[in-house]
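I have placed the structure first, in the form of structure tokens, so that the comments after it can refer back to it.
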Amino acid sequence: MSVTSVPSAGARSATVPLACSTSLPTPSQSAAYIASLGKPTAAEILQDCKDRGRVALQPRCGVGGHEEMKRLLATLEEEARPDLLTLTIDSHTRLKRFGEARRTLHLRPADLNGYPLVAHGWQRGRELNELIDAPLEIRHGSPDARLLFDVSVASGITSFEGGGISYNLPYSKAVPLAESLTAWQDVDRACGELAEHGVIVDRELFGTLTAVLVPPSISLAISVLEAVLATRAGVRCVSVAYPQGGHLVQDVAALRSIPVLAERYLPAGVKVHAVLHEFMGVFPRERGNAEDLILYGALAARLGGASKLITKTYQEAYGIPDTAANVAGLRLADRANSPLLDFVTVDDGRVTEEQRWILDEVADLVEPLLQRPDLIEAVVEAFAEGRLDIPFSASRSARSDIIPRRDATGAIRYRTVGALPFAPARLRRNEELLHAVDGPGEPGIDTLMAGLTGDIDYFRRLFRESEPHTGAHAPGRSRTAAAATPTAPGESRN
Amino acid sequence: MSVTSVPSAGARSATVPLACSTSLPTPSQSAAYIASLGKPTAAEILQDCKDRGRVALQPRCGVGGHEEMKRLLATLEEEARPDLLTLTIDSHTRLKRFGEARRTLHLRPADLNGYPLVAHGWQRGRELNELIDAPLEIRHGSPDARLLFDVSVASGITSFEGGGISYNLPYSKAVPLAESLTAWQDVDRACGELAEHGVIVDRELFGTLTAVLVPPSISLAISVLEAVLATRAGVRCVSVAYPQGGHLVQDVAALRSIPVLAERYLPAGVKVHAVLHEFMGVFPRERGNAEDLILYGALAARLGGASKLITKTYQEAYGIPDTAANVAGLRLADRANSPLLDFVTVDDGRVTEEQRWILDEVADLVEPLLQRPDLIEAVVEAFAEGRLDIPFSASRSARSDIIPRRDATGAIRYRTVGALPFAPARLRRNEELLHAVDGPGEPGIDTLMAGLTGDIDYFRRLFRESEPHTGAHAPGRSRTAAAATPTAPGESRN
Amino acid sequence: MRTLPNQHSAPPTVVLGVAASDSHAVANHLIAHSLRGLGYHVINLGTCTTVEEFAEACEQYPHAEAVVIGSLNGHVHEDLRGLDQAKRSGRITCPVVVGGNLSVGSHKDASAHDRLYAAGVDHILADAAELPRLLDRLRLEGRGARLTDLAAS
Amino acid sequence: MRTLPNQHSAPPTVVLGVAASDSHAVANHLIAHSLRGLGYHVINLGTCTTVEEFAEACEQYPHAEAVVIGSLNGHVHEDLRGLDQAKRSGRITCPVVVGGNLSVGSHKDASAHDRLYAAGVDHILADAAELPRLLDRLRLEGRGARLTDLAAS
Ligand code: B12
Ligand code: B12
């Protein structure tokens with residue numbers, strides 16, 4: 001079944017030229033095309049890497065023009081041989097502003113922050129797919145991705161990111177959760193149908209959410225809910241993405257929690273992969289510092305047993321990276337796959353302790369909902385009542401009552417839990433851990449804002465980039481002089 | 001005193017146009033020039049880095065033409081900000097083949113494998129020095145470096161590599177040790193004189209020797225002897241270079257031995273720095289593998305507490321690197337200075353154990369000699385009798401009776417000790433450790449040669465580069481597939 | 001904390017939001033918080049706000065001192081199409097301030113700013129921290145302008 | 001182990017060495033070892049060997065089947081200046097084989113080999129492992145040549 005052919009999609013697809021959607025191949029035609037491609041699917045690559053203990057690498061990459069996109073993919077593959085490649089979709093397309101995407105594409109393709117696949121059409125998608133050896137994933141941020149999904153499948157693309165929560169709350173203002181959850185249920189059902197045609201689509205869940213100071217249990221709880229919905233709808237391969245927060249023990253604990261959660265909450269037989277996004281918050285601006293963080297992220301992925309790592313570049317703080325920077329980011333991250341680094345380990349005792357708390361918090365959040373007969377309804381209600389929540393929501397559908405902070409070691413905790421249904425033990429631990437940072441009780445709004453800003457700018461501060469009159473323009477020697485002691489930034493502590 | 005003005009140098013300098021040597025400034029003029037430069041000396045940078053816990057970075061770099069050399073230094077400084085920069089001298093100049101150096105410089109400067117400083121002259125040396133912020137070191141390989149030293153000092157260069165043993169045995173065939181030791185005594189005395197003029201020259205000893213499978217105790221013993229000679233002659237700042245052998249615990253133990261040896265055998269007040277050379281043997285050919293090794297080396301330097309690291313590039317296996325590769329090598333190595341890597345540690349128990357054996361072996365080698373009234377004479381005798389020796393000597397002055405091998409963990413041991421005066425406990429340990437590799441007793445010549453070749457090609461084998469029909473031309477995915485298990489190459493074991 | 005000069009009068013109003021195709025929320029949350037902390041009445045339209053929504057808010061809050069628009073995703077040019085028209089038709093009368101990351105790519109040049117000025121933007125800031133000072137200046141200039149209006153009438 | 005066909009006759013002789021400005025010793029040690037293992041009589045002149053030294057060795061061992069020269073440091077062109085002359089003047093009569101790293105820099109092209117052939121080198125090998133096969137071939141050809149000489153006399 002093609003998602004765009006279901007009746008409920010009618011109203012939406014009115015905004016799209018008919019020619020485009022009617023000419024789409026059927027799922028069985030797409031399945032045959034995919035089989036004929038003779039390249040591995042994303043799910044196969046992920047399983048292969050997981051079996052070999054290699055962290056698969058994948059860049060973000062998307063530019064507006066088709067020829068430019070071809071060049072970008074071909075160069076990335078030639079120079080860095082990532083295990084998987086990406087079509088990052090522009091933000092007009094994500095929000096179904098297809099007209100704006102098309103206009104910009106025709107007037108100034110370089111003004112697009114991604115590849116407008118729907119505007120280009122599935123034939124061009126196939127052209128991209130055939131150009132390269134690595135399987136492609138569509139990375140976007142569409143609350144309603146049904147048309148995009150159909151075009152992707154028609155292009156022979158075997159990995160598709162998103163979810164009804166994770167591609168709504170960070171990515172739009174006014175799309176009701178019930179709507180995005182239903183739209184994604186259609187996508188997931190289509191994956192189920194494709195599986196019957198022999199094509200396993202890797203469905204990656206965007207646990208990264210709003211990316212900035214996302215507490216691990218929030219990220220993982222939402223992924224669990226999306227994964228349960230997806231597998232119930234027929235999805236057979238789930239990648240659970242988690243954003244590097246920057247505290248090694250916490251990040252490793254979160255990654256290592258993913259197989260445990262899968263075991264606990266997902267049907268047997270579903271393939272589940274842990275995915276790490278290299279640091280998703282405010283990036284350092286100096287190349288060396290950014291590269292330190294990139295390597296650190298890649299090591300976290302290795303130590304956490306991730307199947308895949310989504311890479312960043314040293315240009316992250318500035319804008320969409322150029323190809324050379326993207327290649328450099330992939331190459332650097334690949335060092336963490338080095339067979340020479342087996343001696344690099346993490347304190348397993350601390351990881352286990354942290355992991356226990358994460359799993360308990362996730363249980364507090366998801367278990368009451370999983371018992372409900374209608375999980376979509378339960379999720380919508382929970383967000384409305386603040387029993388689920390995310391910080392810094394772009395959407396009105398989440399309250400953003402929870403306020404994250406970093407504790408004295410840099411781990412992300414809850415300063416304010418809002419209405420999250422955490423057991424008292426969890427609340428006490430959070431309070432204790434943040435006690436050292438702001439003192440007891442609720443801090444004043446000024447202290448809170450200053451502290452929060454410091455936590456957001458954590459790595460820039462750690463590298464002393466954001467101190468007044470400190471050499472943001474004097475890399476190398478001088479910066480390292482300042483950053484020799486890797487302590488958390490004193491300013492935002494007490 | 002200028003080295004080239006001493007009478008003993010007369011015969012030698014006849015091969016050089018007089019104009020060049022007579023126009024050299026006096027040491028006190030050079031000292032005044034160095035003071036006027038207003039840039040830190042190499043010794044100051046090293047001390048600063050040591051104090052800050054940063055590993056100073058320094059590339060190898062040298063091309064024939066002057067303008068090309070200027071561009072090379074300027075680009076390296078601009079793009080990678082190494083803490084120190086190098087003039088690598090071409091091999092004609094090293095061997096006082098000044099005529100050949102000059103001819104090649106005029107006919108085809110790109111045919112030179114380094115910068116012929118003597119042919120260019122000290123005025124150009126000053127021009128290079130003034131072009132860049134970082135202090136320069138002369139890296140060469142001259143059994144008799146007196147003229148080169150004088151030109152270097154006249155150029156205002158404050159760091160000079162070499163030694164009467166370490167720049168003879170690996171670098172020439174027929175220069176008698178007594179000759180090179182005396183020539184280097186002149187250089188060291190000149191450093192003493194410069195110190196009286198207020199200029200501390202960093203004298204780096206080339207413990208790397210023949211670079212391939214050099215047992216740590218050989219490298220360190222020879223450096224101790226050279227350091228004792230140097231400090232007796234007036235040198236105040238000594239850098240002891242040690243070549244990464246590729247076994248982390250052994251390399252860290254060797255580096256951490258350097259301050260202990262300094263404490264034990266050198267006069268108080270002399271500044272001593274540990275320097276690591278990134279792997280000096282046969283380099284992997286694929287970029288990713290070479291880069292894994294580069295990062296591994298840089299981490300060894302950090303963990304071993306080195307003051308400085310001499311970097312390599314991913315082009316090492318192919319030839320003298322281009323500038324971009326050199327920049328990339330520096331940048332990658334700098335990641336090991338990351339404040340985010342404090343969690344990376346080494347098994348201190350194993351390091352201490354290894355270090356104890358290294359120190360004992362060094363003591364066996366050097367203590368009998370240090371008691372002799374004439375240390376130069378003692379050294380010459382010891383090499384003649386095989387009580388000192390190096391593997392794969394280029395020179396007839398060493399027997400190369402010792403045969404190194406890697407043990408089952410990859411550490412470098414002695415298969416054959418020749419006439420080295422090791423105590424029985426040391427011999428027993430070496431035998432035991434190699435037992436696992438070749439079985440008991442002396443292996444046949446075939447086994448030995450096959451094993452030795454495997455040990456020389458250690459990293460190419462570890463990365464499965466040298467297997468027949470394995471993708472030397474298929475980097476990325478496929479190579480890592482093969483190299484997922486970082487065990488020592490099974491073929492050369494039993 | 002810096003506060004407004006005339007706390008006794010009605011708090012000054014600003015209309016705040018993020019451009020139409022852009023869902024980056026963090027800076028928007030922080031700017032709203034900090035302006036409120038400084039005593040502003042902030043009409044925060046949040047992320048993904050079209051020019052039409054900004055114009056409607058201006059009509060609803062005619063005393064708004066400025067429209068403050070963030071954009072990080074590089075799409076600000078397309079997203080502000082129609083701003084010029086909204087100003088010319090008198091739907092938006094107060095100054096329009098834009099800040100964030102104003103073009104696609106890591107290599108920036110001045111042309112992005114030129115294009116924005118041409119499209120009806122009055123002020124461009126690099127850092128949200130500069131916002132209070134600019135708003136103060138605009139208020140002074142605005143008062144000056146109003147005085148001039150009075151004198152001329 | 002591969003061995004020579006005619007072990008009963010006097011072992012074949014090769015003159016081995018490393019070019020004049022070049023002190024890389026490892027390959028030289030290993031090649032000497034392995035040729036000896038194969039039954040060769042190896043006159044190893046070691047590192048830093050000038051053309052003059054090679055020529056003298058050839059005069060001293062007139063039956064040498066080949067002069068085998070290694071060079072890694074990129075200086076082989078300057079280091080072999082005079083080889084042509086030594087051959088023309090009859091001081092070196094056997095084939096000259098060169099191997100190693102034959103130019104400066106990481107980007108190689110064919111011109112380095114052309115220059116060496118022009119300078120009097122007869123054979124260039126990439127890998128020392130190919131040496132025994134080449135020496136076998138040269139011996140066969142050499143014997144062929146001698147037979148021809150006999151027939152002509
Ligand atoms: C977190 C983040 C996200 C999160 C956002 C979550 C959320 N809903 O808020 C997620 C992961 C969802 C995300 C998504 C996307 N992102 Co984003 N994201 C970031 C990131 C890492 C940090 C942004 C942030 O929160 N900073 C914290 C705040 C406090 O700082 P700030 O936003 O920079 O704001 C400062 C200034 O910009 C300025 N400022 C900001 N707003 C305003 C407003 C005014 C009026 C003024 C005066 C000043 C001002 O002042 C602030 C303080 O100094 C940046 C890269 C970085 N900086 O490290 C990329 C980045 C902004 N994102 C980028 C892009 C392109 C996207 C996507 C379009 C995906 C894509 N194609 O790659 C989607 C957005 C989809 C959409 N519809 O818009 C690009 C922009 C590229 C460009 N312009 O060339 C960046 C730079 C990353 C990159 N290098 O590619 N992103
Ligand atoms: C060890 C080493 C050294 C040691 C040598 C110790 C010693 N005395 O033997 C030290 C540290 C002293 C050294 C010094 C220098 N080195 Co060095 N060294 C190396 C290194 C790391 C390994 C060489 C080695 O021993 N290999 C092991 C043997 C078994 O392999 P091999 O030599 O490659 O030989 C194989 C083939 O080349 C071939 N082959 C070799 N010889 C012969 C001969 C014949 C007849 C045949 C048929 C084949 C053949 O077959 C062998 C088996 O496959 C190489 C880089 C690398 N490969 O990783 C650089 C390298 C060879 N060195 C190089 C240079 C330039 C130098 C210096 C000139 C310093 C400088 N300017 O940088 C000095 C030499 C000074 C002088 N007067 O010559 C360059 C050559 C550059 C170029 N051609 O563009 C290299 C490639 C490093 C680099 N990337 O810059 N070096």
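Letters for chains follow the order of the structure tokens (A, B, ...), residue numbers begin at 1 for each chain, and ligand numbers begin at 1 in the order shown.
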request  = Compile the contact shell of Trp357 (chain A) as a count of residues only: residues with an atom at most 9 Å away, counting only C-alpha atoms, same-chain residues fewer than 5 positions apart removed.
outcome  = 4
task = Residues within 6 Å of ligand 2 should be enumerated using only C-alpha atoms and all ligand atoms and returned as a ChimeraX atom specification.
result = /B:88,90-91,113-114,170-171,210-212,280-283,315-321,393-394 /D:21-27,68-74,98-101,103-106,125-128,131
key: Residues near region 105-112 of chain A, cut-off 12 Å, only C-alpha atoms, skip fewer than 5 positions along chain, as a PyMOL selection string   = (chain A and resi 62-69+88-94+98-100+117-120+320+322) or (chain C and resi 21+73-79+102-105+112)
With N, CA and C atoms kept, could you save the residues just selected as a short mmCIF file (atom, residue, chain, number, x, y, z; two decimals), in the first residue's frame?
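Generated file (selection20.cif):
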data_model
loop_
_atom_site.label_atom_id
_atom_site.label_comp_id
_atom_site.auth_asym_id
_atom_site.auth_seq_id
_atom_site.Cartn_x
_atom_site.Cartn_y
_atom_site.Cartn_z
N GLY A 62 22.74 17.34 2.42
CA GLY A 62 21.65 17.68 1.53
C GLY A 62 21.83 19.10 1.00
N VAL A 63 21.79 19.22 -0.32
CA VAL A 63 21.81 20.55 -0.94
C VAL A 63 20.66 20.61 -1.92
N GLY A 64 20.30 21.82 -2.31
CA GLY A 64 19.08 21.99 -3.10
C GLY A 64 19.14 21.40 -4.50
N GLY A 65 20.19 21.74 -5.25
CA GLY A 65 20.25 21.37 -6.66
C GLY A 65 20.54 19.88 -6.86
N HIS A 66 20.02 19.33 -7.93
CA HIS A 66 20.20 17.90 -8.18
C HIS A 66 21.64 17.57 -8.53
N GLU A 67 22.20 18.34 -9.46
CA GLU A 67 23.59 18.06 -9.85
C GLU A 67 24.51 18.23 -8.65
N GLU A 68 24.26 19.26 -7.85
CA GLU A 68 25.06 19.51 -6.66
C GLU A 68 24.93 18.33 -5.68
N MET A 69 23.72 17.81 -5.59
CA MET A 69 23.48 16.68 -4.68
C MET A 69 24.24 15.45 -5.17
N THR A 88 19.40 14.68 3.27
CA THR A 88 18.77 15.59 4.22
C THR A 88 17.82 16.49 3.43
N ILE A 89 16.59 16.52 3.88
CA ILE A 89 15.54 17.23 3.15
C ILE A 89 15.43 18.67 3.66
N ASP A 90 15.15 19.60 2.78
CA ASP A 90 15.04 21.01 3.16
C ASP A 90 13.83 21.27 4.06
N SER A 91 13.86 22.36 4.80
CA SER A 91 12.77 22.57 5.76
C SER A 91 11.45 23.01 5.15
N HIS A 92 11.43 23.51 3.93
CA HIS A 92 10.12 23.75 3.32
C HIS A 92 9.40 22.42 3.10
N THR A 93 10.11 21.50 2.48
CA THR A 93 9.50 20.20 2.19
C THR A 93 9.02 19.51 3.47
N ARG A 94 9.85 19.63 4.53
CA ARG A 94 9.47 19.02 5.81
C ARG A 94 8.09 19.48 6.26
N PHE A 98 5.60 22.77 -0.15
CA PHE A 98 6.19 22.29 -1.42
C PHE A 98 6.35 23.41 -2.43
N GLY A 99 5.43 24.36 -2.38
CA GLY A 99 5.51 25.49 -3.31
C GLY A 99 6.77 26.31 -3.06
N GLU A 100 7.01 26.61 -1.80
CA GLU A 100 8.20 27.39 -1.45
C GLU A 100 9.47 26.62 -1.83
N LEU A 117 13.30 16.56 -2.14
CA LEU A 117 13.08 15.33 -2.90
C LEU A 117 11.72 15.31 -3.58
N VAL A 118 10.72 15.81 -2.89
CA VAL A 118 9.39 15.77 -3.50
C VAL A 118 9.38 16.65 -4.76
N ALA A 119 9.97 17.81 -4.68
CA ALA A 119 10.02 18.69 -5.85
C ALA A 119 10.83 18.05 -6.98
N HIS A 120 11.93 17.38 -6.63
CA HIS A 120 12.75 16.75 -7.67
C HIS A 120 12.05 15.52 -8.26
N ILE A 320 25.52 24.96 7.32
CA ILE A 320 25.61 23.67 6.64
C ILE A 320 27.03 23.52 6.10
N ASP A 322 30.54 22.50 4.16
CA ASP A 322 30.92 22.19 2.79
C ASP A 322 31.40 20.73 2.73
N SER C 21 9.58 28.70 8.00
CA SER C 21 9.94 27.29 7.80
C SER C 21 10.87 26.81 8.91
N ASN C 73 17.72 28.50 10.21
CA ASN C 73 17.87 27.40 9.26
C ASN C 73 18.32 27.85 7.87
N GLY C 74 18.56 29.15 7.69
CA GLY C 74 19.09 29.64 6.42
C GLY C 74 18.01 30.05 5.42
N HIS C 75 16.76 29.81 5.77
CA HIS C 75 15.66 30.05 4.83
C HIS C 75 15.00 31.42 5.00
N VAL C 76 15.67 32.30 5.72
CA VAL C 76 14.98 33.56 6.07
C VAL C 76 14.50 34.34 4.84
N HIS C 77 15.23 34.23 3.75
CA HIS C 77 14.87 35.04 2.58
C HIS C 77 13.52 34.62 2.01
N GLU C 78 13.37 33.35 1.76
CA GLU C 78 12.09 32.85 1.28
C GLU C 78 11.01 33.05 2.34
N ASP C 79 11.37 32.80 3.59
CA ASP C 79 10.38 32.87 4.66
C ASP C 79 9.83 34.28 4.87
N LEU C 102 21.69 33.69 8.95
CA LEU C 102 20.85 34.28 7.91
C LEU C 102 21.15 33.85 6.49
N SER C 103 21.86 32.76 6.34
CA SER C 103 21.98 32.19 5.00
C SER C 103 22.36 30.72 5.15
N VAL C 104 22.27 30.00 4.06
CA VAL C 104 22.63 28.59 4.08
C VAL C 104 24.13 28.46 3.84
N GLY C 105 24.78 27.65 4.62
CA GLY C 105 26.20 27.39 4.38
C GLY C 105 27.09 27.96 5.46
N ALA C 112 23.75 38.39 2.14
CA ALA C 112 22.53 37.95 2.81
C ALA C 112 21.86 39.13 3.52
#
ask   = Which residue out of C:Glu59, C:Glu130, C:Glu52, C:Asp84 has the minimum interatomic distance to ligand 1 when only C-alpha atoms and all ligand atoms are used?
value =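 The closest residue to ligand 1 is C:Glu130.
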task = as a ChimeraX atom specification, please: all residues of region 12-148 of chain D that backbone DSSP puts in helix (DSSP H, G or I).
result = /D:26-37,51-60,76-79,83-88,111-118,128-148
task = Find, counting only C-alpha atoms and all ligand atoms, the residue in A:Glu286, A:Glu377, A:Asp348, A:Asp186 that gets nearest to ligand 1.
result =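 That would be A:Glu286, the residue with the smallest distance to ligand 1.
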key: Spatial neighbours of Arg264 (chain A), 10 Å, only C-alpha atoms, chain gap at least 4 places, as a ChimeraX atom specification   = /A:224,258-260,268,363
Export of the given selection (all heavy atoms) as a compact mmCIF listing (two decimals), in the first residue's frame:
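Dumped everything to part21.txt:
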# COMPACT_ATOMS: atom_id res chain seq x y z
N VAL A 224 10.88 4.66 22.92
CA VAL A 224 10.19 3.40 23.24
C VAL A 224 8.74 3.48 22.76
O VAL A 224 8.23 2.56 22.10
CB VAL A 224 10.25 3.11 24.76
CG1 VAL A 224 9.24 2.03 25.14
CG2 VAL A 224 11.65 2.69 25.17
N ILE A 258 19.57 0.89 25.35
CA ILE A 258 18.67 0.66 24.21
C ILE A 258 18.36 -0.82 23.98
O ILE A 258 17.19 -1.19 23.89
CB ILE A 258 19.21 1.39 22.95
CG1 ILE A 258 19.07 2.91 23.17
CG2 ILE A 258 18.47 0.94 21.68
CD1 ILE A 258 19.78 3.79 22.14
N PRO A 259 19.37 -1.70 23.95
CA PRO A 259 19.00 -3.12 23.81
C PRO A 259 18.17 -3.63 24.99
O PRO A 259 17.28 -4.48 24.80
CB PRO A 259 20.36 -3.84 23.74
CG PRO A 259 21.40 -2.83 24.09
CD PRO A 259 20.82 -1.48 23.85
N VAL A 260 18.41 -3.11 26.18
CA VAL A 260 17.63 -3.55 27.34
C VAL A 260 16.17 -3.13 27.17
O VAL A 260 15.24 -3.92 27.39
CB VAL A 260 18.20 -2.94 28.65
CG1 VAL A 260 17.42 -3.44 29.85
CG2 VAL A 260 19.69 -3.25 28.78
N ALA A 268 9.77 -9.72 20.20
CA ALA A 268 10.98 -10.44 19.77
C ALA A 268 10.99 -10.48 18.25
O ALA A 268 9.95 -10.39 17.60
CB ALA A 268 10.96 -11.86 20.33
N ALA A 363 10.93 3.66 32.72
CA ALA A 363 9.80 2.84 33.14
C ALA A 363 8.70 3.71 33.75
O ALA A 363 7.51 3.55 33.43
CB ALA A 363 10.26 1.78 34.15
All residues 10 Å or closer to Leu35 (chain D), only C-alpha atoms, same chain fewer than 3 positions away omitted, as an mmCIF file with all heavy atoms, in the first residue's frame:
data_model
loop_
_atom_site.group_PDB
_atom_site.id
_atom_site.type_symbol
_atom_site.label_atom_id
_atom_site.label_comp_id
_atom_site.auth_asym_id
_atom_site.auth_seq_id
_atom_site.Cartn_x
_atom_site.Cartn_y
_atom_site.Cartn_z
ATOM 1 N N THR D 3 65.688 -22.612 -4.525
ATOM 2 C CA THR D 3 67.158 -22.638 -4.589
ATOM 3 C C THR D 3 67.590 -22.528 -6.043
ATOM 4 O O THR D 3 66.765 -22.609 -6.959
ATOM 5 C CB THR D 3 67.730 -23.956 -4.001
ATOM 6 O OG1 THR D 3 66.961 -25.042 -4.504
ATOM 7 C CG2 THR D 3 67.678 -23.947 -2.495
ATOM 8 N N THR D 13 77.273 -14.725 -8.207
ATOM 9 C CA THR D 13 77.645 -13.571 -7.381
ATOM 10 C C THR D 13 76.805 -12.352 -7.763
ATOM 11 O O THR D 13 76.575 -12.102 -8.947
ATOM 12 C CB THR D 13 79.140 -13.258 -7.606
ATOM 13 O OG1 THR D 13 79.900 -14.404 -7.211
ATOM 14 C CG2 THR D 13 79.573 -12.034 -6.820
ATOM 15 N N VAL D 14 76.352 -11.625 -6.756
ATOM 16 C CA VAL D 14 75.750 -10.307 -7.040
ATOM 17 C C VAL D 14 76.399 -9.262 -6.149
ATOM 18 O O VAL D 14 76.803 -9.552 -5.019
ATOM 19 C CB VAL D 14 74.212 -10.268 -6.808
ATOM 20 C CG1 VAL D 14 73.476 -11.154 -7.793
ATOM 21 C CG2 VAL D 14 73.864 -10.627 -5.388
ATOM 22 N N LEU D 30 67.835 -7.303 4.716
ATOM 23 C CA LEU D 30 66.923 -8.415 4.425
ATOM 24 C C LEU D 30 67.205 -9.016 3.054
ATOM 25 O O LEU D 30 67.168 -10.236 2.880
ATOM 26 C CB LEU D 30 65.467 -7.956 4.522
ATOM 27 C CG LEU D 30 64.984 -7.473 5.903
ATOM 28 C CD1 LEU D 30 63.522 -7.013 5.833
ATOM 29 C CD2 LEU D 30 65.141 -8.568 6.964
ATOM 30 N N ILE D 31 67.502 -8.164 2.068
ATOM 31 C CA ILE D 31 67.783 -8.677 0.719
ATOM 32 C C ILE D 31 69.052 -9.535 0.741
ATOM 33 O O ILE D 31 69.080 -10.639 0.177
ATOM 34 C CB ILE D 31 67.931 -7.511 -0.293
ATOM 35 C CG1 ILE D 31 66.568 -6.818 -0.495
ATOM 36 C CG2 ILE D 31 68.465 -8.015 -1.635
ATOM 37 C CD1 ILE D 31 66.656 -5.507 -1.285
ATOM 38 N N ALA D 32 70.076 -9.039 1.423
ATOM 39 C CA ALA D 32 71.327 -9.802 1.508
ATOM 40 C C ALA D 32 71.067 -11.184 2.113
ATOM 41 O O ALA D 32 71.482 -12.221 1.570
ATOM 42 C CB ALA D 32 72.353 -9.031 2.340
ATOM 43 N N LEU D 38 69.186 -18.134 -0.711
ATOM 44 C CA LEU D 38 68.902 -18.775 -1.997
ATOM 45 C C LEU D 38 70.184 -19.303 -2.661
ATOM 46 O O LEU D 38 70.130 -19.825 -3.775
ATOM 47 C CB LEU D 38 68.218 -17.787 -2.944
ATOM 48 C CG LEU D 38 66.790 -17.385 -2.566
ATOM 49 C CD1 LEU D 38 66.306 -16.233 -3.451
ATOM 50 C CD2 LEU D 38 65.849 -18.576 -2.691
ATOM 51 N N GLY D 39 71.317 -19.116 -2.006
ATOM 52 C CA GLY D 39 72.548 -19.678 -2.527
ATOM 53 C C GLY D 39 73.458 -18.684 -3.229
ATOM 54 O O GLY D 39 74.491 -19.062 -3.780
ATOM 55 N N TYR D 40 73.089 -17.419 -3.192
ATOM 56 C CA TYR D 40 73.927 -16.424 -3.867
ATOM 57 C C TYR D 40 75.151 -16.079 -3.033
ATOM 58 O O TYR D 40 75.108 -16.123 -1.793
ATOM 59 C CB TYR D 40 73.130 -15.138 -4.117
ATOM 60 C CG TYR D 40 72.204 -15.247 -5.299
ATOM 61 C CD1 TYR D 40 70.890 -15.678 -5.139
ATOM 62 C CD2 TYR D 40 72.652 -14.915 -6.576
ATOM 63 C CE1 TYR D 40 70.042 -15.779 -6.218
ATOM 64 C CE2 TYR D 40 71.801 -15.015 -7.670
ATOM 65 C CZ TYR D 40 70.498 -15.447 -7.490
ATOM 66 O OH TYR D 40 69.674 -15.550 -8.565
ATOM 67 N N HIS D 41 76.182 -15.710 -3.731
ATOM 68 C CA HIS D 41 77.325 -15.080 -3.091
ATOM 69 C C HIS D 41 77.078 -13.578 -3.191
ATOM 70 O O HIS D 41 77.086 -13.004 -4.283
ATOM 71 C CB HIS D 41 78.628 -15.473 -3.818
ATOM 72 C CG HIS D 41 79.835 -14.833 -3.242
ATOM 73 N ND1 HIS D 41 80.916 -14.413 -3.996
ATOM 74 C CD2 HIS D 41 80.153 -14.532 -1.956
ATOM 75 C CE1 HIS D 41 81.829 -13.876 -3.228
ATOM 76 N NE2 HIS D 41 81.393 -13.943 -1.981
ATOM 77 N N VAL D 42 76.815 -12.951 -2.028
ATOM 78 C CA VAL D 42 76.404 -11.547 -2.038
ATOM 79 C C VAL D 42 77.550 -10.666 -1.560
ATOM 80 O O VAL D 42 78.029 -10.811 -0.434
ATOM 81 C CB VAL D 42 75.167 -11.333 -1.133
ATOM 82 C CG1 VAL D 42 74.768 -9.862 -1.139
ATOM 83 C CG2 VAL D 42 73.999 -12.206 -1.590
ATOM 84 N N LEU D 131 63.131 -9.881 -6.940
ATOM 85 C CA LEU D 131 64.536 -9.935 -7.317
ATOM 86 C C LEU D 131 64.987 -11.333 -7.787
ATOM 87 O O LEU D 131 65.598 -11.451 -8.864
ATOM 88 C CB LEU D 131 65.373 -9.455 -6.120
ATOM 89 C CG LEU D 131 66.721 -8.817 -6.362
ATOM 90 C CD1 LEU D 131 66.700 -7.797 -7.488
ATOM 91 C CD2 LEU D 131 67.204 -8.159 -5.066
ATOM 92 N N PRO D 132 64.693 -12.391 -7.030
ATOM 93 C CA PRO D 132 65.184 -13.716 -7.451
ATOM 94 C C PRO D 132 64.721 -14.082 -8.867
ATOM 95 O O PRO D 132 65.526 -14.570 -9.677
ATOM 96 C CB PRO D 132 64.585 -14.660 -6.410
ATOM 97 C CG PRO D 132 64.372 -13.801 -5.200
ATOM 98 C CD PRO D 132 64.010 -12.447 -5.726
#
